[in-house]
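> Dropping in my_file-v1.txt, with compact mmCIF, C-alpha atoms (C1' of nucleotides).
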```
# COMPACT_ATOMS: atom_id res chain seq x y z
CA MET A 1 -29.20 131.92 -167.87
CA ASN A 2 -31.62 129.30 -169.17
CA LYS A 3 -35.23 128.92 -168.18
CA GLN A 4 -34.48 126.14 -165.74
CA GLU A 5 -31.99 128.28 -163.82
CA GLN A 6 -34.40 131.18 -163.92
CA ALA A 7 -37.06 128.91 -162.42
CA GLY A 8 -34.59 128.09 -159.66
CA GLN A 9 -34.24 131.81 -158.95
CA VAL A 10 -37.99 132.14 -158.71
CA PHE A 11 -38.04 129.24 -156.30
CA ALA A 12 -35.35 130.91 -154.21
CA LEU A 13 -37.36 134.12 -154.27
CA PHE A 14 -40.46 132.47 -152.86
CA ASN A 15 -38.32 130.77 -150.30
CA GLU A 16 -36.87 134.05 -149.04
CA ILE A 17 -40.29 135.63 -149.07
CA GLY A 18 -41.76 132.81 -147.02
CA ILE A 19 -39.06 133.12 -144.40
CA ILE A 20 -39.29 136.90 -144.14
CA SER A 21 -43.06 136.66 -143.92
CA GLN A 22 -42.78 134.35 -140.96
CA LEU A 23 -40.11 136.39 -139.20
CA SER A 24 -41.88 139.72 -139.68
CA ARG A 25 -45.21 138.28 -138.59
CA THR A 26 -43.69 136.91 -135.41
CA LEU A 27 -42.01 140.22 -134.70
CA PHE A 28 -45.18 142.16 -135.35
CA GLU A 29 -47.38 139.92 -133.23
CA SER A 30 -44.94 140.16 -130.34
CA ARG A 31 -45.79 143.87 -130.27
CA LEU A 32 -49.54 143.28 -130.12
CA PRO A 33 -51.40 142.57 -126.86
CA HIS A 34 -51.78 138.90 -126.09
CA GLY A 35 -54.57 137.26 -128.07
CA PHE A 36 -54.36 139.56 -131.06
CA LEU A 37 -52.92 138.47 -134.35
CA LEU A 38 -51.67 140.20 -137.45
CA GLN A 39 -54.99 139.42 -139.10
CA HIS A 40 -56.84 141.49 -136.49
CA PHE A 41 -54.59 144.46 -137.01
CA SER A 42 -54.75 144.09 -140.77
CA VAL A 43 -58.54 144.24 -140.82
CA LEU A 44 -58.64 147.36 -138.65
CA ASN A 45 -55.96 148.96 -140.79
CA HIS A 46 -57.87 148.10 -143.93
CA LEU A 47 -61.07 149.64 -142.58
CA ILE A 48 -59.16 152.84 -141.90
CA ARG A 49 -56.97 153.07 -144.95
CA VAL A 50 -59.21 151.61 -147.61
CA LYS A 51 -62.84 151.89 -146.59
CA ASN A 52 -64.95 151.63 -143.47
CA GLY A 53 -68.29 149.83 -143.42
CA GLN A 54 -67.33 147.00 -145.75
CA THR A 55 -69.05 143.64 -145.73
CA PRO A 56 -67.41 140.54 -144.24
CA LEU A 57 -67.31 138.98 -147.69
CA GLY A 58 -65.62 142.03 -149.14
CA LEU A 59 -62.99 141.83 -146.42
CA ALA A 60 -62.52 138.11 -146.97
CA GLN A 61 -61.89 138.76 -150.65
CA ALA A 62 -59.56 141.66 -149.94
CA PHE A 63 -57.42 139.44 -147.74
CA GLN A 64 -57.96 136.36 -149.83
CA VAL A 65 -59.06 134.17 -146.98
CA PRO A 66 -62.20 132.00 -146.87
CA LYS A 67 -65.24 133.83 -145.64
CA ASN A 68 -65.58 131.60 -142.59
CA SER A 69 -62.06 132.56 -141.57
CA MET A 70 -63.10 136.19 -141.80
CA THR A 71 -66.18 135.46 -139.68
CA HIS A 72 -63.82 134.15 -137.05
CA THR A 73 -61.47 137.12 -137.18
CA LEU A 74 -64.34 139.60 -137.06
CA SER A 75 -65.96 137.87 -134.11
CA GLY A 76 -62.72 138.37 -132.20
CA LEU A 77 -62.65 142.04 -133.12
CA GLU A 78 -66.29 142.45 -132.14
CA LYS A 79 -65.78 140.73 -128.79
CA ALA A 80 -62.94 143.17 -128.12
CA GLY A 81 -65.23 146.06 -129.08
CA PHE A 82 -63.05 147.14 -132.01
CA VAL A 83 -65.70 146.79 -134.68
CA GLU A 84 -69.46 146.68 -134.71
CA PHE A 85 -71.89 145.21 -137.19
CA LYS A 86 -74.76 147.04 -138.80
CA PRO A 87 -77.30 145.60 -141.17
CA ASN A 88 -76.69 146.35 -144.80
CA PRO A 89 -79.64 148.49 -145.92
CA LYS A 90 -79.14 147.38 -149.49
CA ASP A 91 -79.03 143.64 -148.85
CA GLY A 92 -80.80 141.78 -146.07
CA ARG A 93 -78.38 138.86 -146.24
CA SER A 94 -75.45 141.07 -145.59
CA LYS A 95 -73.74 143.11 -142.89
CA GLN A 96 -71.52 146.09 -142.65
CA VAL A 97 -68.40 146.16 -140.50
CA TRP A 98 -67.78 149.50 -138.85
CA LEU A 99 -64.75 150.50 -136.85
CA THR A 100 -65.34 151.79 -133.31
CA ASP A 101 -63.31 154.49 -131.59
CA ALA A 102 -61.69 151.78 -129.51
CA GLY A 103 -60.76 149.94 -132.68
CA HIS A 104 -59.25 153.04 -134.17
CA SER A 105 -57.11 153.74 -131.14
CA PHE A 106 -56.07 150.11 -130.86
CA ARG A 107 -54.73 150.31 -134.39
CA ASP A 108 -52.95 153.58 -133.66
CA GLN A 109 -51.36 152.11 -130.57
CA ALA A 110 -50.27 149.02 -132.47
CA ILE A 111 -48.55 151.20 -135.03
CA GLY A 112 -46.94 153.15 -132.24
CA LYS A 113 -45.55 149.96 -130.73
CA LEU A 114 -44.25 148.82 -134.07
CA MET A 115 -42.70 152.07 -135.17
CA PRO A 116 -39.46 151.77 -133.17
CA ASP A 117 -38.65 148.49 -134.91
CA LEU A 118 -39.40 149.88 -138.34
CA MET A 119 -37.40 153.02 -137.66
CA GLU A 120 -34.47 150.98 -136.44
CA LEU A 121 -34.55 148.83 -139.52
CA ALA A 122 -34.80 151.91 -141.72
CA ARG A 123 -31.80 153.41 -139.93
CA ASP A 124 -29.71 150.25 -140.26
CA PHE A 125 -30.60 150.03 -143.95
CA GLU A 126 -29.84 153.65 -144.74
CA GLY A 127 -29.55 153.99 -148.51
CA PHE A 128 -31.30 150.71 -149.18
CA ASP A 129 -33.87 151.06 -151.96
CA PHE A 130 -37.00 149.87 -150.20
CA ALA A 131 -39.28 151.65 -152.63
CA GLY A 132 -37.72 149.89 -155.60
CA LEU A 133 -38.01 146.59 -153.85
CA VAL A 134 -41.67 147.19 -153.11
CA THR A 135 -42.30 148.12 -156.73
CA GLN A 136 -40.72 144.91 -157.99
CA LEU A 137 -42.56 142.77 -155.48
CA ALA A 138 -45.84 144.46 -156.35
CA GLU A 139 -45.35 143.28 -159.93
CA VAL A 140 -44.88 139.72 -158.79
CA ARG A 141 -47.85 140.01 -156.47
CA ALA A 142 -50.08 141.33 -159.24
CA TYR A 143 -49.02 138.45 -161.46
CA LEU A 144 -49.78 135.80 -158.84
CA ASP A 145 -53.02 137.52 -158.02
CA ALA A 146 -54.11 137.38 -161.64
CA ALA A 147 -52.97 133.76 -161.97
CA ARG A 148 -55.14 132.76 -159.04
CA ASP A 149 -57.93 131.09 -161.00
CA MET B 1 -37.10 161.01 -147.44
CA ASN B 2 -37.22 161.15 -143.66
CA LYS B 3 -37.10 158.25 -141.26
CA GLN B 4 -40.85 158.19 -140.80
CA GLU B 5 -41.47 157.83 -144.53
CA GLN B 6 -38.75 155.24 -144.75
CA ALA B 7 -40.49 153.28 -141.99
CA GLY B 8 -43.66 153.45 -144.06
CA GLN B 9 -41.78 151.88 -146.96
CA VAL B 10 -40.58 149.09 -144.71
CA PHE B 11 -44.15 148.53 -143.61
CA ALA B 12 -45.26 148.37 -147.23
CA LEU B 13 -42.47 145.91 -147.95
CA PHE B 14 -43.60 143.51 -145.24
CA ASN B 15 -47.13 143.90 -146.47
CA GLU B 16 -46.23 142.84 -150.01
CA ILE B 17 -44.13 140.02 -148.70
CA GLY B 18 -46.97 138.72 -146.56
CA ILE B 19 -49.35 138.71 -149.50
CA ILE B 20 -46.92 137.03 -151.89
CA SER B 21 -46.10 134.46 -149.25
CA GLN B 22 -49.75 133.55 -148.92
CA LEU B 23 -50.37 133.44 -152.67
CA SER B 24 -47.29 131.38 -153.47
CA ARG B 25 -47.98 128.96 -150.64
CA THR B 26 -51.52 128.39 -151.84
CA LEU B 27 -50.30 127.85 -155.39
CA PHE B 28 -47.59 125.48 -154.29
CA GLU B 29 -49.86 123.42 -152.04
CA SER B 30 -52.41 123.09 -154.81
CA ARG B 31 -49.71 121.13 -156.69
CA LEU B 32 -49.07 118.74 -153.80
CA PRO B 33 -51.19 115.62 -153.18
CA HIS B 34 -54.05 116.18 -150.77
CA GLY B 35 -52.95 116.20 -147.14
CA PHE B 36 -49.44 117.47 -147.78
CA LEU B 37 -48.39 120.95 -146.93
CA LEU B 38 -45.51 123.20 -147.85
CA GLN B 39 -43.89 122.32 -144.55
CA HIS B 40 -43.72 118.64 -145.53
CA PHE B 41 -42.06 119.42 -148.82
CA SER B 42 -39.69 121.89 -147.20
CA VAL B 43 -38.40 119.36 -144.72
CA LEU B 44 -37.76 116.75 -147.41
CA ASN B 45 -36.06 119.35 -149.56
CA HIS B 46 -33.92 120.43 -146.66
CA LEU B 47 -32.82 116.87 -145.93
CA ILE B 48 -31.73 116.54 -149.54
CA ARG B 49 -30.18 119.91 -150.16
CA VAL B 50 -28.65 120.68 -146.79
CA LYS B 51 -28.05 117.47 -144.86
CA ASN B 52 -29.71 114.13 -144.31
CA GLY B 53 -29.92 112.52 -140.88
CA GLN B 54 -30.48 115.70 -138.89
CA THR B 55 -32.23 115.73 -135.54
CA PRO B 56 -35.80 116.97 -135.13
CA LEU B 57 -34.54 119.84 -133.02
CA GLY B 58 -32.04 120.81 -135.71
CA LEU B 59 -34.83 120.89 -138.25
CA ALA B 60 -37.08 122.89 -135.95
CA GLN B 61 -34.33 125.48 -135.57
CA ALA B 62 -33.61 125.54 -139.29
CA PHE B 63 -37.25 126.33 -140.00
CA GLN B 64 -37.71 128.44 -136.92
CA VAL B 65 -40.74 126.63 -135.68
CA PRO B 66 -41.28 125.25 -132.15
CA LYS B 67 -39.98 121.74 -131.72
CA ASN B 68 -43.42 120.32 -131.05
CA SER B 69 -44.57 121.66 -134.42
CA MET B 70 -41.69 119.80 -136.02
CA THR B 71 -42.67 116.63 -134.16
CA HIS B 72 -46.07 116.95 -135.77
CA THR B 73 -44.74 117.55 -139.27
CA LEU B 74 -42.27 114.68 -138.99
CA SER B 75 -44.93 112.28 -137.77
CA GLY B 76 -46.90 113.04 -140.92
CA LEU B 77 -43.85 112.36 -143.05
CA GLU B 78 -43.12 109.15 -141.19
CA LYS B 79 -46.69 107.92 -141.54
CA ALA B 80 -46.42 108.51 -145.28
CA GLY B 81 -43.13 106.58 -145.31
CA PHE B 82 -41.08 109.55 -146.50
CA VAL B 83 -38.68 109.64 -143.57
CA GLU B 84 -37.59 107.19 -140.92
CA PHE B 85 -36.12 107.72 -137.49
CA LYS B 86 -32.95 106.18 -136.18
CA PRO B 87 -31.50 106.55 -132.72
CA ASN B 88 -28.71 109.04 -132.42
CA PRO B 89 -25.63 107.05 -131.42
CA LYS B 90 -24.07 110.11 -129.84
CA ASP B 91 -27.03 111.11 -127.68
CA GLY B 92 -29.61 108.80 -126.21
CA ARG B 93 -32.19 111.60 -125.91
CA SER B 94 -32.07 112.32 -129.56
CA LYS B 95 -33.09 110.94 -132.95
CA GLN B 96 -31.94 111.20 -136.49
CA VAL B 97 -34.32 111.86 -139.37
CA TRP B 98 -33.40 110.00 -142.56
CA LEU B 99 -35.03 110.36 -145.91
CA THR B 100 -36.38 107.21 -147.55
CA ASP B 101 -36.37 106.47 -151.28
CA ALA B 102 -40.09 107.18 -151.30
CA GLY B 103 -39.43 110.53 -149.66
CA HIS B 104 -36.81 111.40 -152.22
CA SER B 105 -39.07 110.60 -155.14
CA PHE B 106 -42.01 112.41 -153.56
CA ARG B 107 -39.88 115.53 -153.43
CA ASP B 108 -38.75 115.08 -157.01
CA GLN B 109 -42.31 114.63 -158.17
CA ALA B 110 -43.41 117.72 -156.25
CA ILE B 111 -40.74 119.76 -157.96
CA GLY B 112 -41.84 118.32 -161.28
CA LYS B 113 -45.41 119.40 -160.66
CA LEU B 114 -44.30 122.86 -159.66
CA MET B 115 -41.82 123.45 -162.46
CA PRO B 116 -44.36 124.42 -165.14
CA ASP B 117 -45.63 127.27 -162.97
CA LEU B 118 -42.13 128.49 -162.21
CA MET B 119 -41.11 128.26 -165.85
CA GLU B 120 -44.18 130.15 -166.92
CA LEU B 121 -43.51 132.88 -164.42
CA ALA B 122 -39.87 133.04 -165.51
CA ARG B 123 -40.97 133.33 -169.13
CA ASP B 124 -43.49 136.07 -168.39
CA PHE B 125 -40.88 137.97 -166.40
CA GLU B 126 -38.17 137.70 -168.97
CA GLY B 127 -35.44 140.21 -168.13
CA PHE B 128 -36.65 140.66 -164.57
CA ASP B 129 -33.78 140.62 -162.11
CA PHE B 130 -34.83 137.82 -159.80
CA ALA B 131 -31.29 137.23 -158.59
CA GLY B 132 -30.92 140.84 -157.49
CA LEU B 133 -34.24 140.70 -155.74
CA VAL B 134 -33.24 137.56 -153.89
CA THR B 135 -29.97 139.17 -152.84
CA GLN B 136 -31.73 142.19 -151.41
CA LEU B 137 -34.31 140.09 -149.62
CA ALA B 138 -31.60 137.85 -148.20
CA GLU B 139 -30.11 140.94 -146.55
CA VAL B 140 -33.41 141.79 -144.93
CA ARG B 141 -33.90 138.18 -143.90
CA ALA B 142 -30.47 138.01 -142.31
CA TYR B 143 -31.21 141.20 -140.40
CA LEU B 144 -34.52 139.96 -139.05
CA ASP B 145 -32.95 136.64 -138.23
CA ALA B 146 -30.25 138.32 -136.20
CA ALA B 147 -32.78 140.60 -134.49
CA ARG B 148 -34.79 137.60 -133.35
CA ASP B 149 -33.60 137.57 -129.73
C1' DT C 1 -96.00 136.16 -159.04
C1' DG C 2 -93.64 131.92 -158.36
C1' DC C 3 -89.72 128.95 -158.32
C1' DG C 4 -85.11 127.49 -159.12
C1' DT C 5 -80.55 129.35 -158.54
C1' DT C 6 -77.15 132.27 -156.49
C1' DT C 7 -75.12 134.72 -152.68
C1' DA C 8 -73.91 136.28 -147.56
C1' DG C 9 -72.96 134.57 -143.53
C1' DT C 10 -72.76 130.95 -139.83
C1' DT C 11 -71.99 126.43 -137.92
C1' DC C 12 -69.73 122.04 -137.78
C1' DT C 13 -65.75 119.39 -138.04
C1' DT C 14 -61.04 118.39 -139.04
C1' DT C 15 -56.32 119.65 -139.01
C1' DA C 16 -52.30 122.83 -137.99
C1' DT C 17 -49.96 125.43 -134.65
C1' DC C 18 -47.83 126.23 -130.46
C1' DG C 19 -47.28 127.19 -125.27
C1' DA C 20 -46.78 124.53 -121.16
C1' DA C 21 -46.02 120.59 -118.68
C1' DC C 22 -43.83 116.18 -118.66
C1' DT C 23 -40.23 112.18 -119.37
C1' DA C 24 -35.82 110.63 -120.20
C1' DT C 25 -31.11 111.39 -120.92
C1' DA C 26 -26.96 114.15 -120.65
C1' DT C 27 -23.87 117.52 -118.60
C1' DA C 28 -21.67 120.48 -114.94
C1' DG C 29 -20.01 121.41 -110.53
C1' DT C 30 -18.59 119.89 -106.35
C1' DA D 1 -19.96 109.64 -107.62
C1' DC D 2 -23.89 112.69 -106.54
C1' DT D 3 -26.92 116.17 -107.27
C1' DA D 4 -28.70 120.11 -109.80
C1' DT D 5 -29.48 121.79 -114.11
C1' DA D 6 -30.00 121.67 -119.06
C1' DT D 7 -31.56 119.48 -123.26
C1' DA D 8 -34.34 116.29 -126.82
C1' DG D 9 -38.50 114.92 -127.69
C1' DT D 10 -43.52 113.95 -126.71
C1' DT D 11 -48.08 114.84 -124.89
C1' DC D 12 -51.83 117.78 -123.67
C1' DG D 13 -54.78 121.55 -124.15
C1' DA D 14 -56.23 125.69 -126.34
C1' DT D 15 -56.75 128.42 -130.46
C1' DA D 16 -56.51 129.31 -135.62
C1' DA D 17 -57.62 128.04 -140.36
C1' DA D 18 -60.46 126.28 -143.67
C1' DG D 19 -63.60 122.80 -146.33
C1' DA D 20 -68.42 121.34 -146.28
C1' DA D 21 -72.96 121.65 -145.15
C1' DC D 22 -76.48 124.67 -143.75
C1' DT D 23 -79.86 128.97 -143.34
C1' DA D 24 -81.76 133.00 -145.00
C1' DA D 25 -82.23 136.49 -148.29
C1' DA D 26 -81.93 138.06 -153.11
C1' DC D 27 -82.01 137.50 -157.99
C1' DG D 28 -83.36 135.71 -162.68
C1' DC D 29 -86.66 134.57 -165.56
C1' DA D 30 -90.77 132.45 -167.17
```
Could you show the structure in this file as structure tokens?

Amino acid sequence: MNKQEQAGQVFALFNEIGIISQLSRTLFESRLPHGFLLQHFSVLNHLIRVKNGQTPLGLAQAFQVPKNSMTHTLSGLEKAGFVEFKPNPKDGRSKQVWLTDAGHSFRDQAIGKLMPDLMELARDFEGFDFAGLVTQLAEVRAYLDAARD
Amino acid sequence: MNKQEQAGQVFALFNEIGIISQLSRTLFESRLPHGFLLQHFSVLNHLIRVKNGQTPLGLAQAFQVPKNSMTHTLSGLEKAGFVEFKPNPKDGRSKQVWLTDAGHSFRDQAIGKLMPDLMELARDFEGFDFAGLVTQLAEVRAYLDAARD
DNA sequence: TGCGTTTAGTTCTTTATCGAACTATATAGT
DNA sequence: ACTATATAGTTCGATAAAGAACTAAACGCA
């Protein structure tokens, strides 16, 4: 296979990925209460799984969205009472984003609502090597991430 | 590995896919002229590779977006002179979307601008089984597509 | 210390997206 | 043929995303 054909495969890969991203996002958001988006869940999940008390800018960078987009997402989460802001004692320009109990349980409930779909998929794909797939995709992701300058 | 862990792998898969989708879209759009989005390119590409002269509704279904979103995308393409509408002789409610020469060459140029990135990625991932990856992802995509009711 | 530069976050504005309501045409059932 | 229903596409309104300009605080360096 020459480089040109290989490039076509890469194109096809991104095409599949784009479609799956859209389908899975739609599915996921249909399990969230009205008015909440994947982005809201993702931020809560990140605060739990990675680190609580991060700054808005840190979150924006983690999700690779502009900081004003993160401002918008966080204001929705704050209005819902799922996060609260505290001043950053080390930097007067900055804030910390802390999860509330309500935010934690919202995230748990969201996972609970999603689980049946994931379990069903896992059952229907018995024997499918998800872990290998994830490993390969992580390589591609790391490459794109590094190329992003 | 039990079902719960397997579900976690599926979750991780969708997570990677979402990130790659965002990164590759941003990269791709940075190669398009200002004001044009992936969706514009995708429609032109679809008219060339799948079938010219389709209806707006057919395109909306192919891309799984609401029909009013497709109206919006098509109006951008029409304003740029990349497609033109003709009445559908078989259905007075409907339209056909036809690619213009300008649309065809815009798509070719877009591919030309993107090629170097794809080639570079293909070179840096020499030996990587893109085709196998695409095959696996296509299975997942087909599943989600079927589940979408 | 003082001042120019950088950084965190918000606000403003434009554009994309999409549900809902609407118009016009087609189809089905009687 | 007549009426009810379904379908193709647009319009309207509300919300999301993101670039640009702005404010306030911090940093660098003389």
> Least-squares fit on all C-alpha atoms, paired in order: put chain A onto chain B and return it as a tab-separated table (two decimals) with C-alpha atoms, in the frame of the given file.

```
chain	number	residue	atom	x	y	z
A	1	MET	CA	-37.18	161.00	-147.45
A	2	ASN	CA	-37.31	161.17	-143.66
A	3	LYS	CA	-37.13	158.25	-141.30
A	4	GLN	CA	-40.88	158.16	-140.81
A	5	GLU	CA	-41.51	157.80	-144.55
A	6	GLN	CA	-38.77	155.22	-144.77
A	7	ALA	CA	-40.50	153.27	-141.99
A	8	GLY	CA	-43.67	153.42	-144.06
A	9	GLN	CA	-41.78	151.86	-146.96
A	10	VAL	CA	-40.58	149.08	-144.72
A	11	PHE	CA	-44.14	148.51	-143.60
A	12	ALA	CA	-45.26	148.35	-147.22
A	13	LEU	CA	-42.47	145.90	-147.93
A	14	PHE	CA	-43.58	143.50	-145.23
A	15	ASN	CA	-47.11	143.87	-146.43
A	16	GLU	CA	-46.21	142.84	-149.98
A	17	ILE	CA	-44.10	140.01	-148.68
A	18	GLY	CA	-46.92	138.70	-146.54
A	19	ILE	CA	-49.32	138.68	-149.45
A	20	ILE	CA	-46.90	137.01	-151.85
A	21	SER	CA	-46.06	134.43	-149.21
A	22	GLN	CA	-49.70	133.51	-148.89
A	23	LEU	CA	-50.35	133.42	-152.63
A	24	SER	CA	-47.26	131.36	-153.44
A	25	ARG	CA	-47.95	128.94	-150.61
A	26	THR	CA	-51.49	128.37	-151.82
A	27	LEU	CA	-50.27	127.85	-155.36
A	28	PHE	CA	-47.57	125.46	-154.25
A	29	GLU	CA	-49.84	123.41	-152.01
A	30	SER	CA	-52.38	123.07	-154.80
A	31	ARG	CA	-49.69	121.12	-156.67
A	32	LEU	CA	-49.05	118.73	-153.79
A	33	PRO	CA	-51.17	115.62	-153.16
A	34	HIS	CA	-54.03	116.18	-150.77
A	35	GLY	CA	-52.93	116.19	-147.14
A	36	PHE	CA	-49.42	117.46	-147.77
A	37	LEU	CA	-48.35	120.95	-146.93
A	38	LEU	CA	-45.47	123.19	-147.86
A	39	GLN	CA	-43.86	122.32	-144.54
A	40	HIS	CA	-43.69	118.65	-145.52
A	41	PHE	CA	-42.04	119.42	-148.81
A	42	SER	CA	-39.68	121.90	-147.19
A	43	VAL	CA	-38.39	119.35	-144.70
A	44	LEU	CA	-37.76	116.75	-147.40
A	45	ASN	CA	-36.05	119.36	-149.54
A	46	HIS	CA	-33.91	120.44	-146.63
A	47	LEU	CA	-32.82	116.87	-145.92
A	48	ILE	CA	-31.73	116.55	-149.53
A	49	ARG	CA	-30.17	119.92	-150.14
A	50	VAL	CA	-28.66	120.68	-146.77
A	51	LYS	CA	-28.06	117.49	-144.83
A	52	ASN	CA	-29.71	114.14	-144.28
A	53	GLY	CA	-29.92	112.52	-140.86
A	54	GLN	CA	-30.52	115.69	-138.88
A	55	THR	CA	-32.26	115.74	-135.53
A	56	PRO	CA	-35.84	116.97	-135.12
A	57	LEU	CA	-34.56	119.85	-133.00
A	58	GLY	CA	-32.06	120.83	-135.65
A	59	LEU	CA	-34.84	120.88	-138.22
A	60	ALA	CA	-37.09	122.89	-135.93
A	61	GLN	CA	-34.35	125.48	-135.54
A	62	ALA	CA	-33.61	125.53	-139.25
A	63	PHE	CA	-37.24	126.32	-140.00
A	64	GLN	CA	-37.71	128.43	-136.92
A	65	VAL	CA	-40.77	126.62	-135.70
A	66	PRO	CA	-41.34	125.23	-132.19
A	67	LYS	CA	-40.03	121.74	-131.74
A	68	ASN	CA	-43.48	120.32	-131.08
A	69	SER	CA	-44.61	121.67	-134.44
A	70	MET	CA	-41.71	119.82	-136.02
A	71	THR	CA	-42.70	116.64	-134.17
A	72	HIS	CA	-46.08	116.97	-135.80
A	73	THR	CA	-44.73	117.57	-139.29
A	74	LEU	CA	-42.28	114.68	-139.01
A	75	SER	CA	-44.94	112.29	-137.77
A	76	GLY	CA	-46.89	113.04	-140.94
A	77	LEU	CA	-43.84	112.37	-143.07
A	78	GLU	CA	-43.12	109.15	-141.20
A	79	LYS	CA	-46.70	107.92	-141.55
A	80	ALA	CA	-46.40	108.51	-145.30
A	81	GLY	CA	-43.12	106.57	-145.31
A	82	PHE	CA	-41.07	109.55	-146.50
A	83	VAL	CA	-38.68	109.64	-143.58
A	84	GLU	CA	-37.59	107.19	-140.95
A	85	PHE	CA	-36.14	107.71	-137.50
A	86	LYS	CA	-32.95	106.18	-136.21
A	87	PRO	CA	-31.53	106.55	-132.74
A	88	ASN	CA	-28.75	109.05	-132.42
A	89	PRO	CA	-25.66	107.04	-131.44
A	90	LYS	CA	-24.13	110.10	-129.85
A	91	ASP	CA	-27.09	111.10	-127.70
A	92	GLY	CA	-29.68	108.77	-126.23
A	93	ARG	CA	-32.26	111.54	-125.90
A	94	SER	CA	-32.12	112.29	-129.55
A	95	LYS	CA	-33.11	110.94	-132.95
A	96	GLN	CA	-31.96	111.20	-136.49
A	97	VAL	CA	-34.32	111.86	-139.37
A	98	TRP	CA	-33.41	110.00	-142.53
A	99	LEU	CA	-35.02	110.36	-145.91
A	100	THR	CA	-36.38	107.20	-147.55
A	101	ASP	CA	-36.37	106.47	-151.27
A	102	ALA	CA	-40.09	107.17	-151.30
A	103	GLY	CA	-39.44	110.51	-149.66
A	104	HIS	CA	-36.82	111.38	-152.21
A	105	SER	CA	-39.07	110.59	-155.14
A	106	PHE	CA	-42.00	112.40	-153.57
A	107	ARG	CA	-39.87	115.53	-153.42
A	108	ASP	CA	-38.73	115.07	-157.00
A	109	GLN	CA	-42.29	114.65	-158.17
A	110	ALA	CA	-43.40	117.72	-156.25
A	111	ILE	CA	-40.73	119.76	-157.97
A	112	GLY	CA	-41.81	118.32	-161.28
A	113	LYS	CA	-45.39	119.40	-160.65
A	114	LEU	CA	-44.28	122.86	-159.66
A	115	MET	CA	-41.83	123.45	-162.46
A	116	PRO	CA	-44.38	124.42	-165.14
A	117	ASP	CA	-45.63	127.27	-162.96
A	118	LEU	CA	-42.15	128.50	-162.21
A	119	MET	CA	-41.12	128.27	-165.84
A	120	GLU	CA	-44.21	130.17	-166.91
A	121	LEU	CA	-43.52	132.89	-164.41
A	122	ALA	CA	-39.90	133.05	-165.51
A	123	ARG	CA	-41.03	133.36	-169.13
A	124	ASP	CA	-43.55	136.10	-168.37
A	125	PHE	CA	-40.92	137.99	-166.38
A	126	GLU	CA	-38.20	137.71	-169.00
A	127	GLY	CA	-35.50	140.24	-168.14
A	128	PHE	CA	-36.70	140.69	-164.59
A	129	ASP	CA	-33.79	140.65	-162.14
A	130	PHE	CA	-34.83	137.84	-159.83
A	131	ALA	CA	-31.29	137.26	-158.63
A	132	GLY	CA	-30.93	140.87	-157.53
A	133	LEU	CA	-34.23	140.72	-155.77
A	134	VAL	CA	-33.22	137.58	-153.93
A	135	THR	CA	-29.94	139.18	-152.89
A	136	GLN	CA	-31.71	142.21	-151.44
A	137	LEU	CA	-34.28	140.11	-149.64
A	138	ALA	CA	-31.57	137.88	-148.23
A	139	GLU	CA	-30.07	140.96	-146.58
A	140	VAL	CA	-33.36	141.81	-144.96
A	141	ARG	CA	-33.84	138.21	-143.92
A	142	ALA	CA	-30.40	138.05	-142.33
A	143	TYR	CA	-31.14	141.24	-140.43
A	144	LEU	CA	-34.45	139.97	-139.06
A	145	ASP	CA	-32.88	136.65	-138.26
A	146	ALA	CA	-30.18	138.33	-136.21
A	147	ALA	CA	-32.72	140.61	-134.51
A	148	ARG	CA	-34.71	137.61	-133.37
A	149	ASP	CA	-33.65	137.62	-129.73
```
> Go through A:Lys67, A:Lys79, A:Arg25, A:Lys3 and flag the residue nearest chain D, using all atoms listed in the file for the distances.
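Among A:Lys67, A:Lys79, A:Arg25, A:Lys3, it is A:Lys67 that comes nearest to chain D.
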> With a cut-off of 10 Å and counting only C-alpha atoms (C1' of nucleotides), select all residues of chain C in contact with chain A and give the selection as a VMD selection string.
chain C and resid 7 to 11
> Measuring between all atoms listed in the file, which one of B:Ala102, B:Glu126, B:Asn88, B:Arg141 shows the shortest distance to chain D?
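Answer, going by the shortest atom-to-atom distance: B:Asn88.
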> Could you tell me how far atom CA of A:Thr73 lies from atom CA of A:Ser24, in Å and to one decimal?
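If I compute the distance from atom CA of A:Thr73 to atom CA of A:Ser24, I get 19.9 Å.
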> Specify as a ChimeraX atom specification all residues of chain D found within 9 Å of chain B, counting all atoms listed in the file.
/D:7-10
